[in-house]
$ cat coords-v2.cif   # mmCIF, C-alpha atoms
data_upload
#
loop_
_atom_site.label_atom_id
_atom_site.label_comp_id
_atom_site.auth_asym_id
_atom_site.auth_seq_id
_atom_site.Cartn_x
_atom_site.Cartn_y
_atom_site.Cartn_z
CA MET A 119 -22.55 -28.83 1.20
CA LEU A 120 -19.99 -26.02 1.33
CA LEU A 121 -17.08 -28.44 1.00
CA LEU A 122 -18.71 -30.10 -2.00
CA MET A 123 -19.36 -26.74 -3.65
CA THR A 124 -15.81 -25.63 -2.89
CA LYS A 125 -14.38 -28.71 -4.55
CA MET A 126 -16.66 -28.33 -7.55
CA LEU A 127 -16.20 -24.60 -8.06
CA PHE A 128 -12.57 -24.05 -7.13
CA ALA A 129 -10.76 -27.14 -8.28
CA ALA A 130 -13.06 -28.78 -10.78
CA GLU A 131 -10.07 -29.97 -12.77
CA CYS A 132 -8.08 -31.24 -9.78
CA VAL A 133 -8.77 -34.67 -8.36
CA GLY A 134 -6.12 -34.65 -5.65
CA LEU A 135 -2.48 -35.42 -5.12
CA ASN A 136 -2.54 -38.24 -7.68
CA ASP A 137 -4.00 -36.06 -10.42
CA PRO A 138 -2.24 -36.91 -13.71
CA ALA A 139 -1.51 -33.18 -14.15
CA PHE A 140 1.04 -33.53 -11.34
CA ALA A 141 2.82 -36.59 -12.78
CA HIS A 142 5.93 -34.47 -13.42
CA LEU A 143 6.28 -33.92 -9.64
CA ALA A 144 7.88 -36.69 -7.59
CA GLN A 145 5.27 -38.96 -5.98
CA GLU A 146 6.93 -38.95 -2.54
CA ASP A 147 7.13 -35.12 -2.59
CA ARG A 148 3.46 -34.89 -3.58
CA ILE A 149 2.46 -37.16 -0.70
CA GLN A 150 4.55 -35.17 1.78
CA ARG A 151 3.28 -31.77 0.58
CA TRP A 152 -0.33 -32.97 0.56
CA LYS A 153 -0.26 -34.34 4.11
CA GLN A 154 2.15 -31.89 5.77
CA LEU A 155 0.59 -29.52 8.29
CA PRO A 156 1.90 -25.97 8.66
CA SER A 157 4.14 -24.96 11.56
CA THR A 158 3.40 -22.19 14.03
CA THR A 159 5.75 -19.24 13.57
CA ARG A 160 7.13 -17.11 16.42
CA ALA A 161 4.38 -14.60 15.63
CA GLY A 162 1.79 -17.35 16.11
CA HIS A 163 0.83 -17.74 12.44
CA LEU A 164 0.49 -21.12 10.77
CA ARG A 165 2.87 -21.24 7.80
CA PHE A 166 4.70 -23.71 5.63
CA THR A 167 8.23 -22.62 6.48
CA GLN A 168 10.18 -25.04 4.29
CA SER A 169 12.18 -22.77 1.96
CA ASP A 170 12.30 -25.42 -0.78
CA TRP A 171 8.50 -25.39 -0.92
CA VAL A 172 8.52 -21.88 -2.41
CA ASP A 173 8.61 -23.04 -6.01
CA ASP A 174 6.47 -21.97 -8.93
CA ASP A 175 6.49 -25.55 -10.24
CA TRP A 176 4.26 -26.42 -7.27
CA ALA A 177 1.81 -23.50 -7.53
CA GLU A 178 -0.98 -25.47 -9.23
CA PHE A 179 -0.50 -28.32 -6.76
CA TYR A 180 -0.86 -25.92 -3.80
CA TRP A 181 -3.93 -24.34 -5.46
CA CYS A 182 -5.46 -27.79 -5.84
CA ARG A 183 -4.73 -28.69 -2.21
CA LEU A 184 -6.05 -25.33 -0.99
CA HIS A 185 -9.42 -26.11 -2.53
CA GLN A 186 -9.50 -29.71 -1.37
CA GLU A 187 -8.49 -28.79 2.20
CA GLU A 188 -11.18 -28.51 4.89
CA ASP A 189 -9.16 -26.70 7.57
CA VAL A 190 -9.26 -22.93 6.99
CA ALA A 191 -5.95 -22.41 8.86
CA VAL A 192 -4.23 -24.84 6.49
CA GLN A 193 -5.94 -23.16 3.54
CA SER A 194 -4.54 -19.82 4.71
CA ALA A 195 -1.04 -21.29 5.01
CA LEU A 196 -1.40 -22.64 1.47
CA ALA A 197 -2.57 -19.21 0.25
CA GLU A 198 0.51 -17.69 1.88
CA ILE A 199 2.91 -20.14 0.22
CA LEU A 200 1.15 -19.55 -3.09
CA TYR A 201 1.78 -15.83 -2.60
CA ARG A 202 5.49 -16.54 -2.09
CA SER A 203 5.56 -18.94 -5.07
CA GLY A 204 4.06 -16.40 -7.47
CA PRO A 205 0.70 -17.94 -8.42
CA PHE A 206 -0.38 -15.30 -10.90
CA GLU A 207 1.33 -16.84 -13.88
CA TYR A 208 -0.20 -20.22 -13.13
CA ILE A 209 -3.63 -19.51 -11.66
CA SER A 210 -6.06 -17.43 -13.65
CA THR A 211 -7.48 -14.16 -12.39
CA GLU A 212 -10.96 -15.60 -12.93
CA ASP A 213 -10.21 -18.61 -10.71
CA ILE A 214 -8.88 -16.43 -7.91
CA LEU A 215 -11.80 -13.99 -8.09
CA SER A 216 -14.31 -16.82 -8.30
CA SER A 217 -12.74 -18.48 -5.27
CA TYR A 218 -12.79 -15.28 -3.25
CA THR A 219 -16.37 -14.42 -4.20
CA ASN A 220 -17.66 -17.89 -3.40
CA LEU A 221 -15.86 -17.97 -0.06
CA GLN A 222 -17.39 -14.60 0.74
CA LYS A 223 -20.89 -15.78 -0.15
CA GLU A 224 -20.84 -19.34 1.16
CA SER A 225 -18.84 -19.10 4.37
CA PRO A 226 -18.21 -15.48 5.33
CA GLN A 227 -17.45 -16.25 8.98
CA THR A 228 -15.24 -19.29 8.63
CA SER A 229 -13.27 -18.06 5.60
CA THR A 230 -12.16 -14.69 7.02
CA GLN A 231 -8.59 -15.85 7.57
CA LEU A 232 -8.29 -17.26 4.06
CA ARG A 233 -9.87 -14.19 2.46
CA ASN A 234 -7.41 -12.05 4.41
CA ALA A 235 -4.49 -14.08 3.02
CA ILE A 236 -5.82 -13.69 -0.52
CA LEU A 237 -6.19 -9.92 -0.04
CA GLU A 238 -2.48 -9.83 0.82
CA TRP A 239 -1.88 -10.93 -2.80
CA ILE A 240 -2.93 -7.43 -3.93
CA LYS A 241 0.64 -6.21 -3.32
CA ILE A 242 2.10 -8.32 -6.12
CA ALA A 243 -0.91 -9.16 -8.28
CA PRO A 244 -1.29 -8.02 -11.89
CA SER A 245 -3.29 -4.81 -12.15
CA GLU A 246 -6.58 -6.42 -13.23
CA LEU A 247 -6.58 -8.86 -10.31
CA ALA A 248 -5.32 -6.30 -7.80
CA LEU A 249 -8.06 -3.80 -8.70
CA ARG A 250 -10.79 -6.43 -8.50
CA LEU A 251 -9.50 -7.74 -5.14
CA ILE A 252 -9.38 -4.18 -3.76
CA GLN A 253 -13.00 -3.73 -4.84
CA LEU A 254 -14.01 -7.01 -3.21
CA GLY A 255 -11.99 -6.30 -0.07
CA GLY A 256 -13.29 -2.75 0.14
CA ALA A 257 -16.87 -4.08 0.08
CA GLU A 258 -16.27 -6.52 2.95
CA SER A 259 -18.40 -6.07 6.06
CA LYS A 260 -15.45 -6.86 8.36
CA SER A 261 -13.22 -3.86 8.91
CA GLU A 262 -10.10 -6.05 9.27
CA LEU A 263 -10.57 -7.31 5.70
CA ARG A 264 -11.18 -3.82 4.33
CA ALA A 265 -8.04 -2.66 6.14
CA THR A 266 -6.00 -5.51 4.63
CA ALA A 267 -7.24 -4.63 1.13
CA TYR A 268 -6.29 -0.97 1.45
CA ARG A 269 -3.02 -1.67 3.27
CA SER A 270 -2.02 -4.14 0.55
CA ALA A 271 -3.04 -1.65 -2.15
CA GLY A 272 -0.77 0.94 -0.55
CA ARG A 273 2.20 -1.40 -1.10
CA ILE A 274 1.67 -1.93 -4.83
CA LYS A 275 4.61 -1.20 -7.10
CA LEU A 276 3.10 0.56 -10.09
CA GLU A 277 5.71 -0.39 -12.70
CA GLY A 278 3.91 -1.83 -15.69
CA TRP A 279 0.52 -0.46 -14.68
CA SER A 280 -1.32 1.54 -17.34
CA ALA A 281 -2.34 5.13 -16.63
CA SER A 282 -6.01 4.10 -16.51
CA ASP A 283 -5.26 1.32 -13.99
CA GLN A 284 -3.26 3.78 -11.87
CA ASP A 285 -6.22 6.20 -11.95
CA ALA A 286 -8.58 3.38 -10.92
CA LEU A 287 -6.23 2.51 -8.04
CA SER A 288 -6.17 6.15 -6.97
CA ASP A 289 -9.99 6.22 -6.90
CA LEU A 290 -10.14 3.01 -4.85
CA MET A 291 -7.50 4.32 -2.42
CA SER A 292 -9.49 7.55 -2.01
CA ALA A 293 -12.49 5.45 -0.99
CA GLY A 294 -10.24 3.60 1.46
CA ILE A 295 -9.10 6.84 3.09
CA LEU A 296 -12.75 7.76 3.70
CA ASP A 297 -13.50 4.35 5.26
CA GLU A 298 -13.79 4.68 9.02
#

$ encode --input "coords-v2.cif" --output "structure tokens"
Amino acid sequence: MLLLMTKMLFAAECVGLNDPAFAHLAQEDRIQRWKQLPSTTRAGHLRFTQSDWVDDDWAEFYWCRLHQEEDVAVQSALAEILYRSGPFEYISTEDILSSYTNLQKESPQTSTQLRNAILEWIKIAPSELALRLIQLGGAESKSELRATAYRSAGRIKLEGWSASDQDALSDLMSAGILDE
């Protein structure tokens, strides 16, 4: 049921690696990137380490695969490569927030790793998305997720942020300091 809901809610437009929206991407590359499993780094994290995979042309493809993938570790690796590829120009704030909220509601235990990876996006996200993710992360029951939200918020570069968004960030960070 969760997998069906995930596919419906997160990637309603995406039908898979052969989706016509990806016709501009080479078929053999799509097949490889759809089936490839992440490697284990020296730190023990599963990541896609291929430097040529960090490409904003592939962001929507990775987003589609993330929401079609059943393995949470692979989903987290896809979230991490999306972070490095700069998904915010290609994936709407609403889609990201909807994904996070639904993961939090539908599978809070099994999606912790993926939610943690998405909270890392706070560091480079546009102000609207960053503030909403900090709010969601700050409301998490797991302290590791709250810590990731506030740690990521502490690494935000404020260039381009409005004064009101900076004030909102300050208020959220104050709440984070008070969090045990």

$ residues_around --input "coords-v2.cif" --residues "Glu207 in chain A" --least-positions-apart "3" --cutoff "9 Å" --atoms "all atoms listed in the file" --output "ChimeraX atom specification"
/A:174,204,210

$ resolve_selection --input "coords-v2.cif" --expression "the PyMOL selection byres ((chain A and resi 192) around 12)" --output "PyMOL selection string"
chain A and resi 151-158+163-166+180-181+183-191+193-199+229+231-232+235

$ write_last_selection --input "coords-v2.cif" --atoms "C-alpha atoms" --output "short mmCIF file (atom, residue, chain, number, x, y, z; two decimals), in the coordinates of the input"
data_model
loop_
_atom_site.label_atom_id
_atom_site.label_comp_id
_atom_site.auth_asym_id
_atom_site.auth_seq_id
_atom_site.Cartn_x
_atom_site.Cartn_y
_atom_site.Cartn_z
CA ARG A 151 3.28 -31.77 0.58
CA TRP A 152 -0.33 -32.97 0.56
CA LYS A 153 -0.26 -34.34 4.11
CA GLN A 154 2.15 -31.89 5.77
CA LEU A 155 0.59 -29.52 8.29
CA PRO A 156 1.90 -25.97 8.66
CA SER A 157 4.14 -24.96 11.56
CA THR A 158 3.40 -22.19 14.03
CA HIS A 163 0.83 -17.74 12.44
CA LEU A 164 0.49 -21.12 10.77
CA ARG A 165 2.87 -21.24 7.80
CA PHE A 166 4.70 -23.71 5.63
CA TYR A 180 -0.86 -25.92 -3.80
CA TRP A 181 -3.93 -24.34 -5.46
CA ARG A 183 -4.73 -28.69 -2.21
CA LEU A 184 -6.05 -25.33 -0.99
CA HIS A 185 -9.42 -26.11 -2.53
CA GLN A 186 -9.50 -29.71 -1.37
CA GLU A 187 -8.49 -28.79 2.20
CA GLU A 188 -11.18 -28.51 4.89
CA ASP A 189 -9.16 -26.70 7.57
CA VAL A 190 -9.26 -22.93 6.99
CA ALA A 191 -5.95 -22.41 8.86
CA GLN A 193 -5.94 -23.16 3.54
CA SER A 194 -4.54 -19.82 4.71
CA ALA A 195 -1.04 -21.29 5.01
CA LEU A 196 -1.40 -22.64 1.47
CA ALA A 197 -2.57 -19.21 0.25
CA GLU A 198 0.51 -17.69 1.88
CA ILE A 199 2.91 -20.14 0.22
CA SER A 229 -13.27 -18.06 5.60
CA GLN A 231 -8.59 -15.85 7.57
CA LEU A 232 -8.29 -17.26 4.06
CA ALA A 235 -4.49 -14.08 3.02
#

$ atom_distance --input "coords-v2.cif" --atom1 "CA of Gly294 in chain A" --atom2 "CA of Tyr268 in chain A"
6.0 Å

$ resolve_selection --input "coords-v2.cif" --expression "the PyMOL selection byres ((chain A and resi 215) around 12)" --output "CSV table (one decimal) with C-alpha atoms, in the frame of the given file"
chain,number,residue,atom,x,y,z
A,127,LEU,CA,-16.2,-24.6,-8.1
A,128,PHE,CA,-12.6,-24.0,-7.1
A,206,PHE,CA,-0.4,-15.3,-10.9
A,209,ILE,CA,-3.6,-19.5,-11.7
A,210,SER,CA,-6.1,-17.4,-13.6
A,211,THR,CA,-7.5,-14.2,-12.4
A,212,GLU,CA,-11.0,-15.6,-12.9
A,213,ASP,CA,-10.2,-18.6,-10.7
A,214,ILE,CA,-8.9,-16.4,-7.9
A,216,SER,CA,-14.3,-16.8,-8.3
A,217,SER,CA,-12.7,-18.5,-5.3
A,218,TYR,CA,-12.8,-15.3,-3.2
A,219,THR,CA,-16.4,-14.4,-4.2
A,220,ASN,CA,-17.7,-17.9,-3.4
A,221,LEU,CA,-15.9,-18.0,-0.1
A,222,GLN,CA,-17.4,-14.6,0.7
A,233,ARG,CA,-9.9,-14.2,2.5
A,236,ILE,CA,-5.8,-13.7,-0.5
A,237,LEU,CA,-6.2,-9.9,0.0
A,239,TRP,CA,-1.9,-10.9,-2.8
A,240,ILE,CA,-2.9,-7.4,-3.9
A,243,ALA,CA,-0.9,-9.2,-8.3
A,246,GLU,CA,-6.6,-6.4,-13.2
A,247,LEU,CA,-6.6,-8.9,-10.3
A,248,ALA,CA,-5.3,-6.3,-7.8
A,249,LEU,CA,-8.1,-3.8,-8.7
A,250,ARG,CA,-10.8,-6.4,-8.5
A,251,LEU,CA,-9.5,-7.7,-5.1
A,252,ILE,CA,-9.4,-4.2,-3.8
A,253,GLN,CA,-13.0,-3.7,-4.8
A,254,LEU,CA,-14.0,-7.0,-3.2
A,255,GLY,CA,-12.0,-6.3,-0.1

$ residues_around --input "coords-v2.cif" --residues "Arg269 in chain A" --least-positions-apart "2" --cutoff "12 Å" --atoms "only C-alpha atoms" --output "NGL selection string"
:A and (234 or 237-241 or 252 or 255-256 or 261-267 or 271-274 or 290-291 or 294-295)

$ resolve_selection --input "coords-v2.cif" --expression "the PyMOL selection byres ((chain A and resi 279) around 12)" --output "number ranges by chain"
A: 242-249, 274-278, 280-287

$ atom_distance --input "coords-v2.cif" --atom1 "CA of Cys132 in chain A" --atom2 "CA of Glu146 in chain A"
18.4 Å

$ axis_aligned_box --input "coords-v2.cif" --around "range 206-218 of chain A" --padding-each-side "4 Å" --output "JSON"
{"center_x": -6.5, "center_y": -17.1, "center_z": -8.6, "size_x": 23.6, "size_y": 14.2, "size_z": 18.6}

$ atom_distance --input "coords-v2.cif" --atom1 "CA of Ser292 in chain A" --atom2 "CA of Ser259 in chain A"
18.2 Å

$ residues_near_point --input "coords-v2.cif" --point "(1.3, -30.4, -5.8)" --cutoff "7 Å" --atoms "all atoms listed in the file" --output "count of residues only"
8

$ build_atoms --input "coords-v2.cif" --residues "range 243-254 of chain A" --atoms "all heavy atoms" --output "PDB file, keeping the file's coordinate frame"
ATOM      1  N   ALA A 243      -0.025  -8.660  -7.216  1.00  0.00           N
ATOM      2  CA  ALA A 243      -0.910  -9.160  -8.280  1.00  0.00           C
ATOM      3  C   ALA A 243      -0.837  -8.276  -9.515  1.00  0.00           C
ATOM      4  O   ALA A 243      -0.551  -7.085  -9.417  1.00  0.00           O
ATOM      5  CB  ALA A 243      -2.348  -9.229  -7.768  1.00  0.00           C
ATOM      6  N   PRO A 244      -1.137  -8.847 -10.682  1.00  0.00           N
ATOM      7  CA  PRO A 244      -1.290  -8.020 -11.890  1.00  0.00           C
ATOM      8  C   PRO A 244      -2.408  -7.009 -11.669  1.00  0.00           C
ATOM      9  O   PRO A 244      -3.312  -7.232 -10.849  1.00  0.00           O
ATOM     10  CB  PRO A 244      -1.667  -9.026 -12.974  1.00  0.00           C
ATOM     11  CG  PRO A 244      -1.366 -10.373 -12.421  1.00  0.00           C
ATOM     12  CD  PRO A 244      -1.385 -10.258 -10.938  1.00  0.00           C
ATOM     13  N   SER A 245      -2.367  -5.911 -12.405  1.00  0.00           N
ATOM     14  CA  SER A 245      -3.290  -4.810 -12.150  1.00  0.00           C
ATOM     15  C   SER A 245      -4.760  -5.223 -12.167  1.00  0.00           C
ATOM     16  O   SER A 245      -5.525  -4.831 -11.283  1.00  0.00           O
ATOM     17  CB  SER A 245      -3.056  -3.663 -13.140  1.00  0.00           C
ATOM     18  OG  SER A 245      -3.233  -4.100 -14.466  1.00  0.00           O
ATOM     19  N   GLU A 246      -5.174  -6.029 -13.147  1.00  0.00           N
ATOM     20  CA  GLU A 246      -6.580  -6.420 -13.230  1.00  0.00           C
ATOM     21  C   GLU A 246      -7.028  -7.147 -11.957  1.00  0.00           C
ATOM     22  O   GLU A 246      -8.067  -6.832 -11.375  1.00  0.00           O
ATOM     23  CB  GLU A 246      -6.819  -7.325 -14.436  1.00  0.00           C
ATOM     24  CG  GLU A 246      -8.244  -7.839 -14.522  1.00  0.00           C
ATOM     25  CD  GLU A 246      -8.430  -8.948 -15.559  1.00  0.00           C
ATOM     26  OE1 GLU A 246      -7.478  -9.310 -16.271  1.00  0.00           O
ATOM     27  OE2 GLU A 246      -9.564  -9.454 -15.632  1.00  0.00           O
ATOM     28  N   LEU A 247      -6.238  -8.114 -11.506  1.00  0.00           N
ATOM     29  CA  LEU A 247      -6.580  -8.860 -10.310  1.00  0.00           C
ATOM     30  C   LEU A 247      -6.515  -7.979  -9.071  1.00  0.00           C
ATOM     31  O   LEU A 247      -7.405  -8.021  -8.226  1.00  0.00           O
ATOM     32  CB  LEU A 247      -5.635 -10.064 -10.147  1.00  0.00           C
ATOM     33  CG  LEU A 247      -5.801 -10.895  -8.871  1.00  0.00           C
ATOM     34  CD1 LEU A 247      -7.222 -11.451  -8.753  1.00  0.00           C
ATOM     35  CD2 LEU A 247      -4.782 -12.019  -8.842  1.00  0.00           C
ATOM     36  N   ALA A 248      -5.470  -7.162  -8.968  1.00  0.00           N
ATOM     37  CA  ALA A 248      -5.320  -6.300  -7.800  1.00  0.00           C
ATOM     38  C   ALA A 248      -6.529  -5.360  -7.661  1.00  0.00           C
ATOM     39  O   ALA A 248      -7.102  -5.225  -6.568  1.00  0.00           O
ATOM     40  CB  ALA A 248      -4.032  -5.492  -7.885  1.00  0.00           C
ATOM     41  N   LEU A 249      -6.924  -4.735  -8.754  1.00  0.00           N
ATOM     42  CA  LEU A 249      -8.060  -3.800  -8.700  1.00  0.00           C
ATOM     43  C   LEU A 249      -9.341  -4.513  -8.297  1.00  0.00           C
ATOM     44  O   LEU A 249     -10.119  -4.006  -7.476  1.00  0.00           O
ATOM     45  CB  LEU A 249      -8.227  -3.094 -10.045  1.00  0.00           C
ATOM     46  CG  LEU A 249      -7.114  -2.107 -10.411  1.00  0.00           C
ATOM     47  CD1 LEU A 249      -7.257  -1.649 -11.854  1.00  0.00           C
ATOM     48  CD2 LEU A 249      -7.098  -0.917  -9.452  1.00  0.00           C
ATOM     49  N   ARG A 250      -9.565  -5.685  -8.840  1.00  0.00           N
ATOM     50  CA  ARG A 250     -10.790  -6.430  -8.500  1.00  0.00           C
ATOM     51  C   ARG A 250     -10.762  -6.885  -7.037  1.00  0.00           C
ATOM     52  O   ARG A 250     -11.777  -6.835  -6.347  1.00  0.00           O
ATOM     53  CB  ARG A 250     -10.953  -7.629  -9.435  1.00  0.00           C
ATOM     54  CG  ARG A 250     -11.166  -7.262 -10.899  1.00  0.00           C
ATOM     55  CD  ARG A 250     -12.570  -6.776 -11.214  1.00  0.00           C
ATOM     56  NE  ARG A 250     -13.600  -7.718 -10.863  1.00  0.00           N
ATOM     57  CZ  ARG A 250     -13.949  -8.786 -11.570  1.00  0.00           C
ATOM     58  NH1 ARG A 250     -13.342  -9.066 -12.698  1.00  0.00           N
ATOM     59  NH2 ARG A 250     -14.910  -9.580 -11.152  1.00  0.00           N
ATOM     60  N   LEU A 251      -9.591  -7.332  -6.550  1.00  0.00           N
ATOM     61  CA  LEU A 251      -9.500  -7.740  -5.140  1.00  0.00           C
ATOM     62  C   LEU A 251      -9.680  -6.545  -4.206  1.00  0.00           C
ATOM     63  O   LEU A 251     -10.299  -6.684  -3.150  1.00  0.00           O
ATOM     64  CB  LEU A 251      -8.169  -8.434  -4.859  1.00  0.00           C
ATOM     65  CG  LEU A 251      -8.036  -9.873  -5.356  1.00  0.00           C
ATOM     66  CD1 LEU A 251      -6.609 -10.384  -5.153  1.00  0.00           C
ATOM     67  CD2 LEU A 251      -9.036 -10.799  -4.661  1.00  0.00           C
ATOM     68  N   ILE A 252      -9.168  -5.380  -4.592  1.00  0.00           N
ATOM     69  CA  ILE A 252      -9.380  -4.180  -3.760  1.00  0.00           C
ATOM     70  C   ILE A 252     -10.862  -3.865  -3.696  1.00  0.00           C
ATOM     71  O   ILE A 252     -11.395  -3.534  -2.629  1.00  0.00           O
ATOM     72  CB  ILE A 252      -8.579  -2.977  -4.302  1.00  0.00           C
ATOM     73  CG1 ILE A 252      -7.076  -3.237  -4.214  1.00  0.00           C
ATOM     74  CG2 ILE A 252      -8.931  -1.706  -3.522  1.00  0.00           C
ATOM     75  CD1 ILE A 252      -6.226  -2.274  -5.034  1.00  0.00           C
ATOM     76  N   GLN A 253     -11.551  -3.976  -4.832  1.00  0.00           N
ATOM     77  CA  GLN A 253     -13.000  -3.730  -4.840  1.00  0.00           C
ATOM     78  C   GLN A 253     -13.718  -4.720  -3.932  1.00  0.00           C
ATOM     79  O   GLN A 253     -14.584  -4.327  -3.139  1.00  0.00           O
ATOM     80  CB  GLN A 253     -13.548  -3.832  -6.263  1.00  0.00           C
ATOM     81  CG  GLN A 253     -13.121  -2.705  -7.163  1.00  0.00           C
ATOM     82  CD  GLN A 253     -13.501  -2.952  -8.615  1.00  0.00           C
ATOM     83  OE1 GLN A 253     -13.626  -4.088  -9.063  1.00  0.00           O
ATOM     84  NE2 GLN A 253     -13.671  -1.870  -9.363  1.00  0.00           N
ATOM     85  N   LEU A 254     -13.367  -5.999  -4.052  1.00  0.00           N
ATOM     86  CA  LEU A 254     -14.010  -7.010  -3.210  1.00  0.00           C
ATOM     87  C   LEU A 254     -13.675  -6.786  -1.738  1.00  0.00           C
ATOM     88  O   LEU A 254     -14.553  -6.848  -0.878  1.00  0.00           O
ATOM     89  CB  LEU A 254     -13.571  -8.415  -3.637  1.00  0.00           C
ATOM     90  CG  LEU A 254     -14.111  -8.920  -4.965  1.00  0.00           C
ATOM     91  CD1 LEU A 254     -13.417 -10.217  -5.372  1.00  0.00           C
ATOM     92  CD2 LEU A 254     -15.614  -9.138  -4.882  1.00  0.00           C
TER      93      LEU A 254
END
